[in-house]
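Pasted below: work_8.pdb, PDB, C-alpha atoms and all ligand atoms.
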```pdb
MODEL        1
ATOM      1  CA  MET A 211      32.609 229.674  54.467
ATOM      2  CA  VAL A 212      30.618 230.533  57.570
ATOM      3  CA  VAL A 213      30.813 233.557  59.823
ATOM      4  CA  PHE A 214      30.202 232.492  63.407
ATOM      5  CA  PRO A 215      30.193 234.229  66.786
ATOM      6  CA  THR A 216      32.860 233.618  69.394
ATOM      7  CA  GLU A 217      33.373 235.155  72.828
ATOM      8  CA  THR A 218      36.222 237.313  71.429
ATOM      9  CA  VAL A 219      35.198 238.495  67.947
ATOM     10  CA  TYR A 220      33.302 236.908  65.038
ATOM     11  CA  GLY A 221      35.271 234.366  63.018
ATOM     12  CA  LEU A 222      35.276 233.636  59.279
ATOM     13  CA  GLY A 223      35.447 229.860  59.223
ATOM     14  CA  ALA A 224      35.894 226.906  56.918
ATOM     15  CA  ARG A 225      36.448 223.203  57.539
ATOM     16  CA  LEU A 226      40.090 222.582  58.378
ATOM     17  CA  PHE A 227      40.300 219.918  55.661
ATOM     18  CA  SER A 228      38.611 221.907  52.905
ATOM     19  CA  PRO A 229      41.342 223.475  50.730
ATOM     20  CA  LYS A 230      38.630 225.317  48.794
ATOM     21  CA  GLY A 231      37.139 226.807  51.971
ATOM     22  CA  ILE A 232      40.564 227.845  53.277
ATOM     23  CA  GLN A 233      41.438 229.451  49.959
ATOM     24  CA  LYS A 234      38.167 231.351  50.005
ATOM     25  CA  ILE A 235      38.936 232.764  53.470
ATOM     26  CA  TYR A 236      42.256 234.184  52.272
ATOM     27  CA  SER A 237      40.692 235.698  49.186
ATOM     28  CA  VAL A 238      37.620 237.223  50.886
ATOM     29  CA  LYS A 239      39.759 238.682  53.679
ATOM     30  CA  GLY A 240      42.430 239.855  51.258
ATOM     31  CA  ARG A 241      44.760 238.232  53.760
ATOM     32  CA  PRO A 242      48.487 237.975  52.995
ATOM     33  CA  SER A 243      49.326 234.302  52.412
ATOM     34  CA  ASP A 244      52.103 234.436  55.048
ATOM     35  CA  ASN A 245      49.579 234.991  57.842
ATOM     36  CA  PRO A 246      48.342 231.682  59.324
ATOM     37  CA  LEU A 247      44.829 230.930  60.611
ATOM     38  CA  ILE A 248      43.679 229.800  64.068
ATOM     39  CA  VAL A 249      42.207 226.300  64.273
ATOM     40  CA  HIS A 250      39.098 226.137  66.475
ATOM     41  CA  ILE A 251      38.262 222.925  68.302
ATOM     42  CA  ALA A 252      35.446 221.740  70.573
ATOM     43  CA  ARG A 253      37.117 218.723  72.216
ATOM     44  CA  LEU A 254      40.520 218.022  73.682
ATOM     45  CA  GLU A 255      40.947 214.869  71.535
ATOM     46  CA  GLN A 256      41.138 217.208  68.542
ATOM     47  CA  MET A 257      44.107 218.950  70.176
ATOM     48  CA  SER A 258      46.101 215.715  70.292
ATOM     49  CA  LEU A 259      45.370 215.049  66.622
ATOM     50  CA  LEU A 260      46.538 218.499  65.539
ATOM     51  CA  THR A 261      49.676 218.910  67.649
ATOM     52  CA  GLU A 262      52.878 217.101  68.548
ATOM     53  CA  ASP A 263      55.141 217.225  71.610
ATOM     54  CA  LEU A 264      52.713 219.329  73.597
ATOM     55  CA  PRO A 265      54.629 220.229  76.775
ATOM     56  CA  ALA A 266      53.088 219.290  80.137
ATOM     57  CA  GLY A 267      53.054 222.990  81.007
ATOM     58  CA  ALA A 268      50.691 223.662  78.126
ATOM     59  CA  GLU A 269      48.276 221.125  79.554
ATOM     60  CA  ARG A 270      48.174 223.052  82.828
ATOM     61  CA  ILE A 271      47.358 226.221  80.901
ATOM     62  CA  ILE A 272      44.628 224.403  78.962
ATOM     63  CA  LYS A 273      43.065 223.057  82.175
ATOM     64  CA  LYS A 274      42.871 226.537  83.605
ATOM     65  CA  PHE A 275      41.858 228.653  80.609
ATOM     66  CA  TRP A 276      39.993 226.481  78.068
ATOM     67  CA  PRO A 277      37.435 226.893  76.753
ATOM     68  CA  GLY A 278      38.074 230.625  76.456
ATOM     69  CA  PRO A 279      39.919 233.508  74.794
ATOM     70  CA  LEU A 280      43.381 231.902  74.660
ATOM     71  CA  THR A 281      45.131 230.509  71.573
ATOM     72  CA  LEU A 282      48.131 228.206  71.885
ATOM     73  CA  VAL A 283      50.844 228.044  69.231
ATOM     74  CA  CYS A 284      52.116 224.447  69.223
ATOM     75  CA  ARG A 285      54.187 222.136  67.019
ATOM     76  CA  LYS A 286      51.847 220.907  64.297
ATOM     77  CA  SER A 287      51.108 217.306  63.382
ATOM     78  CA  ALA A 288      51.284 216.092  59.778
ATOM     79  CA  LEU A 289      47.477 216.247  59.656
ATOM     80  CA  VAL A 290      47.339 220.038  59.665
ATOM     81  CA  PRO A 291      47.360 221.455  56.120
ATOM     82  CA  LYS A 292      50.216 223.851  55.431
ATOM     83  CA  THR A 293      47.849 226.328  53.798
ATOM     84  CA  VAL A 294      46.321 226.891  57.251
ATOM     85  CA  THR A 295      49.690 227.458  58.956
ATOM     86  CA  ALA A 296      51.106 229.518  56.072
ATOM     87  CA  GLY A 297      53.914 226.997  55.720
ATOM     88  CA  LEU A 298      54.951 227.138  59.401
ATOM     89  CA  GLU A 299      55.758 224.008  61.420
ATOM     90  CA  THR A 300      53.516 225.319  64.191
ATOM     91  CA  VAL A 301      49.747 225.571  64.464
ATOM     92  CA  ALA A 302      47.621 227.987  66.515
ATOM     93  CA  VAL A 303      44.735 226.220  68.297
ATOM     94  CA  ARG A 304      41.904 227.593  70.377
ATOM     95  CA  MET A 305      38.845 226.120  72.072
ATOM     96  CA  PRO A 306      36.190 228.861  72.108
ATOM     97  CA  SER A 307      33.640 229.041  74.910
ATOM     98  CA  HIS A 308      30.807 230.547  72.854
ATOM     99  CA  PRO A 309      27.994 227.970  72.691
ATOM    100  CA  VAL A 310      27.237 228.678  69.016
ATOM    101  CA  ALA A 311      30.893 228.257  68.028
ATOM    102  CA  ARG A 312      31.099 225.000  69.946
ATOM    103  CA  LYS A 313      27.868 223.641  68.461
ATOM    104  CA  LEU A 314      29.048 224.537  64.975
ATOM    105  CA  ILE A 315      32.360 222.691  65.410
ATOM    106  CA  GLU A 316      30.539 219.689  66.880
ATOM    107  CA  ALA A 317      28.000 219.669  64.051
ATOM    108  CA  VAL A 318      30.673 219.871  61.367
ATOM    109  CA  GLY A 319      32.610 217.111  63.143
ATOM    110  CA  GLU A 320      35.903 218.707  62.191
ATOM    111  CA  PRO A 321      38.028 221.580  63.509
ATOM    112  CA  ILE A 322      37.251 224.943  61.930
ATOM    113  CA  ALA A 323      40.012 227.203  60.670
ATOM    114  CA  ALA A 324      39.038 230.820  61.181
ATOM    115  CA  PRO A 325      40.598 234.247  61.277
ATOM    116  CA  SER A 326      38.593 237.204  62.547
ATOM    117  CA  ALA A 327      35.727 238.129  60.200
ATOM    118  CA  ASN A 328      37.187 241.437  59.011
ATOM    119  CA  ARG A 329      38.883 242.337  55.756
ATOM    120  CA  SER A 330      42.627 242.431  56.244
ATOM    121  CA  GLY A 331      43.711 245.597  58.079
ATOM    122  CA  ARG A 332      40.207 246.487  59.326
ATOM    123  CA  PRO A 333      38.757 246.267  62.858
ATOM    124  CA  SER A 334      37.178 242.917  63.782
ATOM    125  CA  PRO A 335      33.373 242.666  63.947
ATOM    126  CA  THR A 336      31.940 241.885  67.378
ATOM    127  CA  ARG A 337      28.268 242.112  66.362
ATOM    128  CA  TYR A 338      26.140 240.610  63.594
ATOM    129  CA  ALA A 339      25.425 244.054  62.095
ATOM    130  CA  ASP A 340      29.145 244.826  61.831
ATOM    131  CA  VAL A 341      29.788 241.495  60.093
ATOM    132  CA  VAL A 342      27.141 242.289  57.508
ATOM    133  CA  ARG A 343      28.625 245.740  57.007
ATOM    134  CA  GLU A 344      32.157 244.381  56.616
ATOM    135  CA  LEU A 345      31.620 241.272  54.516
ATOM    136  CA  GLY A 346      28.279 241.949  52.878
ATOM    137  CA  GLY A 347      27.336 239.163  50.508
ATOM    138  CA  ASP A 348      30.760 237.529  50.524
ATOM    139  CA  ALA A 349      30.018 235.073  53.347
ATOM    140  CA  ASP A 350      28.016 231.968  52.455
ATOM    141  CA  LEU A 351      26.299 232.027  55.848
ATOM    142  CA  ILE A 352      26.359 234.287  58.903
ATOM    143  CA  LEU A 353      25.318 232.968  62.307
ATOM    144  CA  ASP A 354      23.986 235.686  64.602
ATOM    145  CA  GLY A 355      25.211 235.121  68.156
ATOM    146  CA  GLY A 356      24.700 238.593  69.554
ATOM    147  CA  SER A 357      27.558 240.721  70.877
ATOM    148  CA  SER A 358      30.927 239.145  71.647
ATOM    149  CA  GLU A 359      31.596 238.995  75.370
ATOM    150  CA  PHE A 360      35.242 240.175  75.305
ATOM    151  CA  GLY A 361      35.428 242.205  72.086
ATOM    152  CA  LEU A 362      39.164 241.757  71.432
ATOM    153  CA  GLU A 363      40.874 238.812  69.740
ATOM    154  CA  SER A 364      42.238 235.981  71.882
ATOM    155  CA  THR A 365      45.572 236.070  73.647
ATOM    156  CA  VAL A 366      48.100 234.143  71.511
ATOM    157  CA  LEU A 367      50.623 232.175  73.601
ATOM    158  CA  ASP A 368      53.604 230.371  72.060
ATOM    159  CA  VAL A 369      54.167 227.134  73.995
ATOM    160  CA  THR A 370      56.791 225.699  71.640
ATOM    161  CA  ARG A 371      59.593 227.201  73.734
ATOM    162  CA  VAL A 372      60.220 227.691  77.444
ATOM    163  CA  PRO A 373      59.500 230.176  78.898
ATOM    164  CA  PHE A 374      56.186 230.496  77.051
ATOM    165  CA  LYS A 375      55.762 233.841  75.287
ATOM    166  CA  ILE A 376      52.712 235.973  74.564
ATOM    167  CA  LEU A 377      52.659 236.814  70.845
ATOM    168  CA  ARG A 378      49.422 238.802  71.010
ATOM    169  CA  PRO A 379      47.947 240.195  74.247
ATOM    170  CA  GLY A 380      44.249 239.563  74.898
ATOM    171  CA  SER A 381      41.679 239.096  77.626
ATOM    172  CA  ILE A 382      43.659 236.305  79.274
ATOM    173  CA  THR A 383      46.255 238.687  80.642
ATOM    174  CA  LEU A 384      49.985 238.321  81.242
ATOM    175  CA  GLU A 385      49.251 238.688  84.956
ATOM    176  CA  ALA A 386      46.722 235.814  84.891
ATOM    177  CA  LEU A 387      49.132 233.572  82.968
ATOM    178  CA  LYS A 388      52.002 234.408  85.329
ATOM    179  CA  LYS A 389      49.949 232.974  88.186
ATOM    180  CA  VAL A 390      50.364 229.582  86.501
ATOM    181  CA  PHE A 391      53.921 230.122  85.183
ATOM    182  CA  PRO A 392      55.720 233.134  86.667
ATOM    183  CA  LYS A 393      58.255 233.127  83.802
ATOM    184  CA  ILE A 394      55.746 233.731  81.024
ATOM    185  CA  ALA A 395      56.569 237.023  79.299
ATOM    186  CA  LEU A 396      55.421 239.232  76.468
ATOM    187  CA  SER A 397      57.411 238.481  73.347
ATOM    188  CA  ALA A 398      60.300 240.928  73.054
ATOM    189  CA  LYS A 399      59.362 241.436  69.417
ATOM    190  CA  LEU A 400      55.875 242.659  70.320
ATOM    191  CA  GLY A 401      55.373 246.268  69.461
ATOM    192  CA  LYS A 402      58.843 246.657  67.964
ATOM    193  CA  SER A 403      59.533 247.188  64.312
ATOM    194  CA  GLY A 404      61.410 244.598  62.309
ATOM    195  CA  ARG A 405      60.661 240.902  62.705
ATOM    196  CA  ALA A 406      57.209 240.353  64.117
ATOM    197  CA  ALA A 407      56.538 237.928  66.973
ATOM    198  CA  SER A 408      53.720 236.392  65.020
ATOM    199  CA  PRO A 409      53.106 236.840  61.291
ATOM    200  CA  GLY A 410      49.864 238.717  61.938
ATOM    201  CA  MET A 411      51.596 241.328  64.070
ATOM    202  CA  LYS A 412      53.629 242.877  61.286
ATOM    203  CA  HIS A 413      50.718 243.893  59.114
ATOM    204  CA  ARG A 414      48.647 247.081  59.371
ATOM    205  CA  HIS A 415      45.657 246.256  61.483
ATOM    206  CA  TYR A 416      42.421 247.236  63.215
ATOM    207  CA  GLN A 417      42.142 250.511  61.276
ATOM    208  CA  PRO A 418      38.773 252.210  60.753
ATOM    209  CA  ALA A 419      38.227 254.664  57.905
ATOM    210  CA  CYS A 420      38.698 257.655  60.220
ATOM    211  CA  LYS A 421      42.011 258.847  61.588
ATOM    212  CA  VAL A 422      42.597 257.500  65.125
ATOM    213  CA  VAL A 423      44.502 259.784  67.497
ATOM    214  CA  LEU A 424      45.539 258.521  70.940
ATOM    215  CA  VAL A 425      45.319 261.019  73.767
ATOM    216  CA  ASP A 426      46.862 260.959  77.245
ATOM    217  CA  PRO A 427      44.223 261.248  79.983
ATOM    218  CA  LYS A 428      45.929 264.375  81.312
ATOM    219  CA  ARG A 429      45.723 266.129  77.960
ATOM    220  CA  TRP A 430      42.189 264.996  77.123
ATOM    221  CA  LYS A 431      40.250 268.251  77.552
ATOM    222  CA  LYS A 432      42.854 270.407  75.822
ATOM    223  CA  THR A 433      43.215 268.006  72.927
ATOM    224  CA  VAL A 434      39.466 267.693  72.392
ATOM    225  CA  ALA A 435      39.124 271.465  72.476
ATOM    226  CA  SER A 436      41.872 272.038  69.946
ATOM    227  CA  TRP A 437      40.648 269.379  67.470
ATOM    228  CA  SER A 438      37.097 270.746  67.802
ATOM    229  CA  ARG A 439      38.236 274.043  66.290
ATOM    230  CA  LYS A 440      39.569 272.478  63.086
ATOM    231  CA  ASN A 441      36.368 272.315  61.055
ATOM    232  CA  LEU A 442      36.326 268.507  61.093
ATOM    233  CA  LEU A 443      33.858 265.912  62.388
ATOM    234  CA  ILE A 444      35.212 264.641  65.695
ATOM    235  CA  GLY A 445      34.537 261.384  67.532
ATOM    236  CA  LEU A 446      35.423 260.744  71.175
ATOM    237  CA  LEU A 447      36.110 257.441  72.871
ATOM    238  CA  SER A 448      37.121 257.742  76.483
ATOM    239  CA  ARG A 449      37.080 256.387  80.014
ATOM    240  CA  ALA A 450      34.085 258.205  81.513
ATOM    241  CA  LYS A 451      35.093 261.779  80.865
ATOM    242  CA  SER A 452      32.473 264.464  80.886
ATOM    243  CA  ILE A 453      33.422 267.470  78.832
ATOM    244  CA  PRO A 454      31.514 270.354  77.321
ATOM    245  CA  LEU A 455      30.690 269.213  73.795
ATOM    246  CA  SER A 456      31.002 271.327  70.696
ATOM    247  CA  SER A 457      28.960 270.849  67.526
ATOM    248  CA  ALA A 458      32.067 269.298  65.942
ATOM    249  CA  VAL A 459      31.634 266.227  68.142
ATOM    250  CA  VAL A 460      29.322 263.801  66.338
ATOM    251  CA  PHE A 461      30.255 260.627  68.210
ATOM    252  CA  ASN A 462      30.899 260.403  71.937
ATOM    253  CA  GLN A 463      31.181 257.194  73.946
ATOM    254  CA  SER A 464      32.810 256.535  77.276
ATOM    255  CA  PHE A 465      33.344 253.367  79.267
ATOM    256  CA  SER A 466      34.648 253.566  82.804
ATOM    257  CA  ARG A 467      35.248 249.837  83.231
ATOM    258  CA  GLU A 468      38.247 248.556  81.305
ATOM    259  CA  GLU A 469      36.313 245.403  80.321
ATOM    260  CA  ASP A 470      33.681 247.592  78.685
ATOM    261  CA  TYR A 471      36.324 249.672  76.931
ATOM    262  CA  ALA A 472      37.747 246.471  75.422
ATOM    263  CA  LYS A 473      34.356 245.015  74.603
ATOM    264  CA  ASN A 474      33.154 248.147  72.800
ATOM    265  CA  LEU A 475      36.370 249.247  71.088
ATOM    266  CA  TYR A 476      35.818 247.838  67.579
ATOM    267  CA  ARG A 477      32.107 248.457  67.781
ATOM    268  CA  SER A 478      32.856 252.135  68.494
ATOM    269  CA  PHE A 479      35.222 252.264  65.504
ATOM    270  CA  PHE A 480      32.384 251.088  63.254
ATOM    271  CA  GLU A 481      29.901 253.489  64.861
ATOM    272  CA  ALA A 482      32.286 256.424  64.396
ATOM    273  CA  GLU A 483      32.670 255.494  60.732
ATOM    274  CA  LYS A 484      28.903 255.436  60.297
ATOM    275  CA  LYS A 485      28.799 259.009  61.621
ATOM    276  CA  ASP A 486      31.432 260.038  59.052
ATOM    277  CA  VAL A 487      33.876 261.009  61.766
ATOM    278  CA  ASP A 488      37.126 262.466  60.371
ATOM    279  CA  VAL A 489      39.175 262.137  63.540
ATOM    280  CA  LEU A 490      38.457 259.765  66.412
ATOM    281  CA  LEU A 491      40.171 260.868  69.618
ATOM    282  CA  VAL A 492      40.753 257.850  71.856
ATOM    283  CA  GLU A 493      41.892 258.052  75.432
ATOM    284  CA  ARG A 494      44.911 255.907  76.297
ATOM    285  CA  THR A 495      44.571 253.420  79.098
ATOM    286  CA  ALA A 496      47.189 251.813  81.363
ATOM    287  CA  GLY A 497      49.332 249.272  79.517
ATOM    288  CA  THR A 498      48.978 246.519  82.127
ATOM    289  CA  GLY A 499      46.386 243.775  82.584
ATOM    290  CA  LEU A 500      43.630 243.985  79.997
ATOM    291  CA  GLY A 501      45.020 247.432  79.146
ATOM    292  CA  ALA A 502      47.968 245.743  77.402
ATOM    293  CA  ALA A 503      45.573 244.216  74.872
ATOM    294  CA  ILE A 504      43.620 247.448  74.465
ATOM    295  CA  MET A 505      46.793 249.498  73.933
ATOM    296  CA  ASP A 506      48.183 246.926  71.467
ATOM    297  CA  ARG A 507      45.076 247.342  69.282
ATOM    298  CA  LEU A 508      44.988 251.119  69.725
ATOM    299  CA  ASN A 509      48.644 251.512  68.782
ATOM    300  CA  ARG A 510      48.063 249.581  65.586
ATOM    301  CA  ALA A 511      44.782 251.341  64.840
ATOM    302  CA  SER A 512      46.499 254.721  65.095
ATOM    303  CA  ALA A 513      49.753 253.757  63.316
TER
HETATM  304  O1  LIG B 601      39.924 235.564  69.096
HETATM  305  C1  LIG B 601      40.464 235.130  68.084
HETATM  306  O2  LIG B 601      41.585 234.601  68.106
HETATM  307  C2  LIG B 601      39.682 235.238  66.764
HETATM  308  C3  LIG B 601      38.456 234.345  66.847
HETATM  309  C4  LIG B 601      37.719 234.259  65.540
HETATM  310  O3  LIG B 601      38.829 233.082  67.296
HETATM  311  N1  LIG B 601      40.522 234.888  65.656
HETATM  312  C5  LIG B 601      41.553 235.671  65.258
HETATM  313  O4  LIG B 601      42.229 235.193  64.152
HETATM  314  O5  LIG B 601      41.867 236.687  65.823
HETATM  315  P1  LIG B 601      43.230 236.113  63.300
HETATM  316  O6  LIG B 601      43.528 235.321  62.100
HETATM  317  O7  LIG B 601      42.634 237.429  63.100
HETATM  318  O8  LIG B 601      44.505 236.197  64.171
HETATM  319  C6  LIG B 601      45.339 235.074  64.342
HETATM  320  C7  LIG B 601      46.665 235.511  64.873
HETATM  321  C8  LIG B 601      47.481 236.240  63.835
HETATM  322  O9  LIG B 601      48.207 237.275  64.462
HETATM  323  C9  LIG B 601      48.399 235.140  63.325
HETATM  324  O10 LIG B 601      49.592 235.624  62.781
HETATM  325  C10 LIG B 601      48.648 234.352  64.604
HETATM  326  O11 LIG B 601      47.405 234.350  65.261
HETATM  327  N2  LIG B 601      49.057 232.969  64.318
HETATM  328  C11 LIG B 601      48.321 231.998  63.739
HETATM  329  N3  LIG B 601      49.042 230.876  63.601
HETATM  330  C12 LIG B 601      50.266 231.134  64.115
HETATM  331  C13 LIG B 601      51.469 230.392  64.265
HETATM  332  N4  LIG B 601      51.561 229.132  63.851
HETATM  333  N5  LIG B 601      52.533 230.992  64.848
HETATM  334  C14 LIG B 601      52.454 232.269  65.283
HETATM  335  N6  LIG B 601      51.340 233.029  65.163
HETATM  336  C15 LIG B 601      50.261 232.480  64.584
HETATM  337 MG    MG B 602      42.381 239.322  62.788
ENDMDL
END
```
As C-alpha cells, what does this structure read like?
Amino acid sequence: MVVFPTETVYGLGARLFSPKGIQKIYSVKGRPSDNPLIVHIARLEQMSLLTEDLPAGAERIIKKFWPGPLTLVCRKSALVPKTVTAGLETVAVRMPSHPVARKLIEAVGEPIAAPSANRSGRPSPTRYADVVRELGGDADLILDGGSSEFGLESTVLDVTRVPFKILRPGSITLEALKKVFPKIALSAKLGKSGRAASPGMKHRHYQPACKVVLVDPKRWKKTVASWSRKNLLIGLLSRAKSIPLSSAVVFNQSFSREEDYAKNLYRSFFEAEKKDVDVLLVERTAGTGLGAAIMDRLNRASA
C-alpha cells in the first residue's frame, strides 16, 4: 500500500488485482465498504480493458482532458474486482498527469486503485508532511512528490448516461466541460440530502478537528470581530482581506486567486489544526467555475 502524489491530492494506492492491498486501503482509511475506489491508469489501452460500452462522447472528453484531474464513471468490464467498485456495475477511472503517479503505474505494470490518502471524513493531504501526519506509520511506503498542483480531488463525471453528469465538482469545471458538451450538468442529487449522486458524497467529509464556519464576504469583518471576543482561538482563511487582527487570531491566510484558494484549502485546514484553532472562519467564494468545487468541499467541511 503506497501513498503517491497526484496533481489533485495524494492517493493511497494498491495494485488493482491485489485483494489484500485493496482490503488494507479500506481498513487503514476506515472507509465504509459501500464507497468505491478510483482506478488510476497510465495508458489508454488500460481504459479499454477496464470498461465496456464507452460512449464516443467520453472519448472526446478523454482527448481533451486526460491526463488530468478528471475521473470518468463508466460501465465496468468483468476484469475489475467488485471490491474496488463496492459492488457497483460501474468503475471510476482516471489518468493522472503527475509524473510520479504515472511512473509508479508504469513500473507496477497494472492500474492502481486509490482513494485520497486521508482517513475517512478528514481533509485530503496535498503535501508529504500532511500525509505523514494523517497516516503515520500505516502506509508501507510514501512517495514525496511535493505539493499537489490543484489541491482538490478530481472532478467525477458519470458517462454511463446521456447527458453526462458531474457527480463531484473539481478543477475541470462544469463550464469547461460544457464547451465540449453543452448539455453536461451537475447531478441534481449533488448537495441535496437523501440519495447521494455518488456513494462518496453521502458521507461526512473533509472535516478538520476545528469547527469550520463559512462567512459571507460582506459580513467578514463583523463576523471576525464577534468571534474574536469569545475567548477562543480563531483561524482565518479568506480571499485577500486585510483586517485588524486581535490576539485571538492565531492562524491567518488569504489567497486572492481562486486557484490558490483551492490549492491551499486542505493544507490550511491542517495548519489551523496544528495551531490548535477552535474555530476556523472561512470566506465563501462564488459557486461557479472552480468555486463550485471549493464550495462543495467547504459545505461538507462545515456541515
Ligand atoms: O483526485 C482524486 O480523484 C483523488 C486522487 C488520489 O486521484 N482520489 C480521490 O478518491 O479523490 P476518493 O476515493 O477520495 O474519491 C472517489 C470518489 C468518491 O466520491 C466515490 O464515491 C466516487 O469517486 N466513485 C468511485 N467509484 C464510483 C462509481 N463507480 N460510481 C460513482 N461514484 C464513484
Ligand atoms: Mg476522498
Would you list the residues that come within 8 Å of ligand MG 602 (chain B)? Count only C-alpha atoms and all ligand atoms and give the answer as a list in words. Pro325, Ser326, Ala327, Asn328, Ser330, Gly331, Pro333, Ser334, Glu363, Gly410, His415 and Tyr416 of chain A
Explicit residues for the PyMOL selection byres (((chain A and resi 354) around 10) and not hetatm) (as a count of residues only): 15
Can I get the residues close to ligand LIG 601 (chain B) as number ranges by chain, where close means within 6 Å and we count all atoms listed in the file? A: 218-221, 245-248, 283, 295, 298, 300-302, 324-326, 363-364, 408-411
Selection near Phe360 (chain A), 9 Å with all atoms listed in the file, sequence-local residues under 5 positions removed, as a PyMOL selection string: chain A and resi 217-219+279+336+381+469-470+472-474
How would the residues just chosen look if you wrote them out with C-alpha atoms as a tab-separated table (two decimals), keeping the file's coordinate frame?
```
chain	number	residue	atom	x	y	z
A	217	GLU	CA	33.37	235.16	72.83
A	218	THR	CA	36.22	237.31	71.43
A	219	VAL	CA	35.20	238.50	67.95
A	279	PRO	CA	39.92	233.51	74.79
A	336	THR	CA	31.94	241.88	67.38
A	381	SER	CA	41.68	239.10	77.63
A	469	GLU	CA	36.31	245.40	80.32
A	470	ASP	CA	33.68	247.59	78.68
A	472	ALA	CA	37.75	246.47	75.42
A	473	LYS	CA	34.36	245.02	74.60
A	474	ASN	CA	33.15	248.15	72.80
```
For the provided coordinates, the residues matched by the PyMOL selection byres (((chain A and resi 225-229) around 6) and not hetatm) should be stated as a PyMOL selection string. chain A and resi 224+230-232+321-323
Selection near region 287-290 of chain A, 6 Å with only C-alpha atoms, sequence-local residues under 6 positions removed, as a ChimeraX atom specification: /A:260-262
So the first atom is CA of Val390 (chain A) and the second is CA of Phe275 (chain A); what is the distance between them in Å, to one decimal place? 10.4 Å
Find the distance between CA of Leu424 (chain A) and CA of Glu483 (chain A) and write it in Å to one decimal. 16.7 Å
Option closest in space to Ala435 (chain A), from A:Pro418, A:Pro291, A:Pro454, A:Pro306 [counting all atoms listed in the file]: A:Pro454
If you count all atoms listed in the file, which residues fall within 7 Å of region 455-468 of chain A, apart from same-chain ones fewer than 4 positions away, as a ChimeraX atom specification? /A:438,442-451,472,482,485
Could those residues be written to a file, using C-alpha atoms, as a PDB file, in the frame of the given file?
```pdb
ATOM      1  CA  SER A 438      37.097 270.746  67.802  1.00  0.00           C
ATOM      2  CA  LEU A 442      36.326 268.507  61.093  1.00  0.00           C
ATOM      3  CA  LEU A 443      33.858 265.912  62.388  1.00  0.00           C
ATOM      4  CA  ILE A 444      35.212 264.641  65.695  1.00  0.00           C
ATOM      5  CA  GLY A 445      34.537 261.384  67.532  1.00  0.00           C
ATOM      6  CA  LEU A 446      35.423 260.744  71.175  1.00  0.00           C
ATOM      7  CA  LEU A 447      36.110 257.441  72.871  1.00  0.00           C
ATOM      8  CA  SER A 448      37.121 257.742  76.483  1.00  0.00           C
ATOM      9  CA  ARG A 449      37.080 256.387  80.014  1.00  0.00           C
ATOM     10  CA  ALA A 450      34.085 258.205  81.513  1.00  0.00           C
ATOM     11  CA  LYS A 451      35.093 261.779  80.865  1.00  0.00           C
ATOM     12  CA  ALA A 472      37.747 246.471  75.422  1.00  0.00           C
ATOM     13  CA  ALA A 482      32.286 256.424  64.396  1.00  0.00           C
ATOM     14  CA  LYS A 485      28.799 259.009  61.621  1.00  0.00           C
TER      15      LYS A 485
END
```
Quick one: of A:Arg332, A:Arg494, A:Lys274, A:Lys375, who's nearest to Lys389 (chain A), counting only C-alpha atoms?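 Residue with the minimum atom-to-atom distance to Lys389 (chain A): A:Lys274.
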Taking into account all atoms listed in the file, which residue in the set A:Glu316, A:Leu362, A:Thr370, A:Thr216 is nearest to Glu299 (chain A)?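 Comparing A:Glu316, A:Leu362, A:Thr370, A:Thr216 against Glu299 (chain A), the winner is A:Thr370.
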Evaluating the PyMOL selection byres (((chain A and resi 421) around 8) and not hetatm) on the displayed file yields which residues, as a list of chain:residue names? A:Pro418, A:Ala419, A:Cys420, A:Val422, A:Val423, A:Asp488, A:Val489, A:Leu490, A:Ser512
What would the file look like if the residues just selected were written as a CSV table (one decimal), in the coordinates of the input with C-alpha atoms?
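So again_33.csv came out as:
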```csv
chain,number,residue,atom,x,y,z
A,418,PRO,CA,38.8,252.2,60.8
A,419,ALA,CA,38.2,254.7,57.9
A,420,CYS,CA,38.7,257.7,60.2
A,422,VAL,CA,42.6,257.5,65.1
A,423,VAL,CA,44.5,259.8,67.5
A,488,ASP,CA,37.1,262.5,60.4
A,489,VAL,CA,39.2,262.1,63.5
A,490,LEU,CA,38.5,259.8,66.4
A,512,SER,CA,46.5,254.7,65.1
```
One number please: CA of Leu367 (chain A) to CA of Gly240 (chain A), in Å, one decimal.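 So the two atoms, CA of Leu367 (chain A) and CA of Gly240 (chain A), lie 25.0 Å apart.
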Non-local contacts of Asp426 (chain A) (10 Å; only C-alpha atoms; under 5 positions in same chain excluded) as a PDB file with C-alpha atoms, in the frame of the given file:
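The result, stored in part_0.pdb:
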```
ATOM      1  CA  LYS A 431      40.250 268.251  77.552  1.00  0.00           C
ATOM      2  CA  THR A 433      43.215 268.006  72.927  1.00  0.00           C
ATOM      3  CA  VAL A 492      40.753 257.850  71.856  1.00  0.00           C
ATOM      4  CA  GLU A 493      41.892 258.052  75.432  1.00  0.00           C
ATOM      5  CA  ARG A 494      44.911 255.907  76.297  1.00  0.00           C
ATOM      6  CA  THR A 495      44.571 253.420  79.098  1.00  0.00           C
TER       7      THR A 495
END
```
Can you list, as a VMD selection string, every protein, DNA or RNA residue that comes within 10 Å of Ile271 (chain A) when you count all atoms listed in the file, leaving out same-chain residues fewer than 5 positions away? chain A and resid 266 276 280 282 367 369 387 390 to 391
Suppose we keep C-alpha atoms; can you now write the selection as an mmCIF file, in the coordinates of the input?
```cif
data_model
loop_
_atom_site.group_PDB
_atom_site.id
_atom_site.type_symbol
_atom_site.label_atom_id
_atom_site.label_comp_id
_atom_site.auth_asym_id
_atom_site.auth_seq_id
_atom_site.Cartn_x
_atom_site.Cartn_y
_atom_site.Cartn_z
ATOM 1 C CA ALA A 266 53.088 219.290 80.137
ATOM 2 C CA TRP A 276 39.993 226.481 78.068
ATOM 3 C CA LEU A 280 43.381 231.902 74.660
ATOM 4 C CA LEU A 282 48.131 228.206 71.885
ATOM 5 C CA LEU A 367 50.623 232.175 73.601
ATOM 6 C CA VAL A 369 54.167 227.134 73.995
ATOM 7 C CA LEU A 387 49.132 233.572 82.968
ATOM 8 C CA VAL A 390 50.364 229.582 86.501
ATOM 9 C CA PHE A 391 53.921 230.122 85.183
#
```
Minimum-distance residue to Leu508 (chain A), chosen among A:Ser237, A:Ser478, A:Gln417, A:Thr365 (using all atoms listed in the file):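 Going through A:Ser237, A:Ser478, A:Gln417, A:Thr365 one by one, the smallest distance to Leu508 (chain A) is for A:Gln417.
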The residues within 8 Å of (39.4, 221.6, 68.1), using all atoms listed in the file and the coordinates of the file, should be reported as a PyMOL selection string; which are they? chain A and resi 249-257+303-305+315+320-322
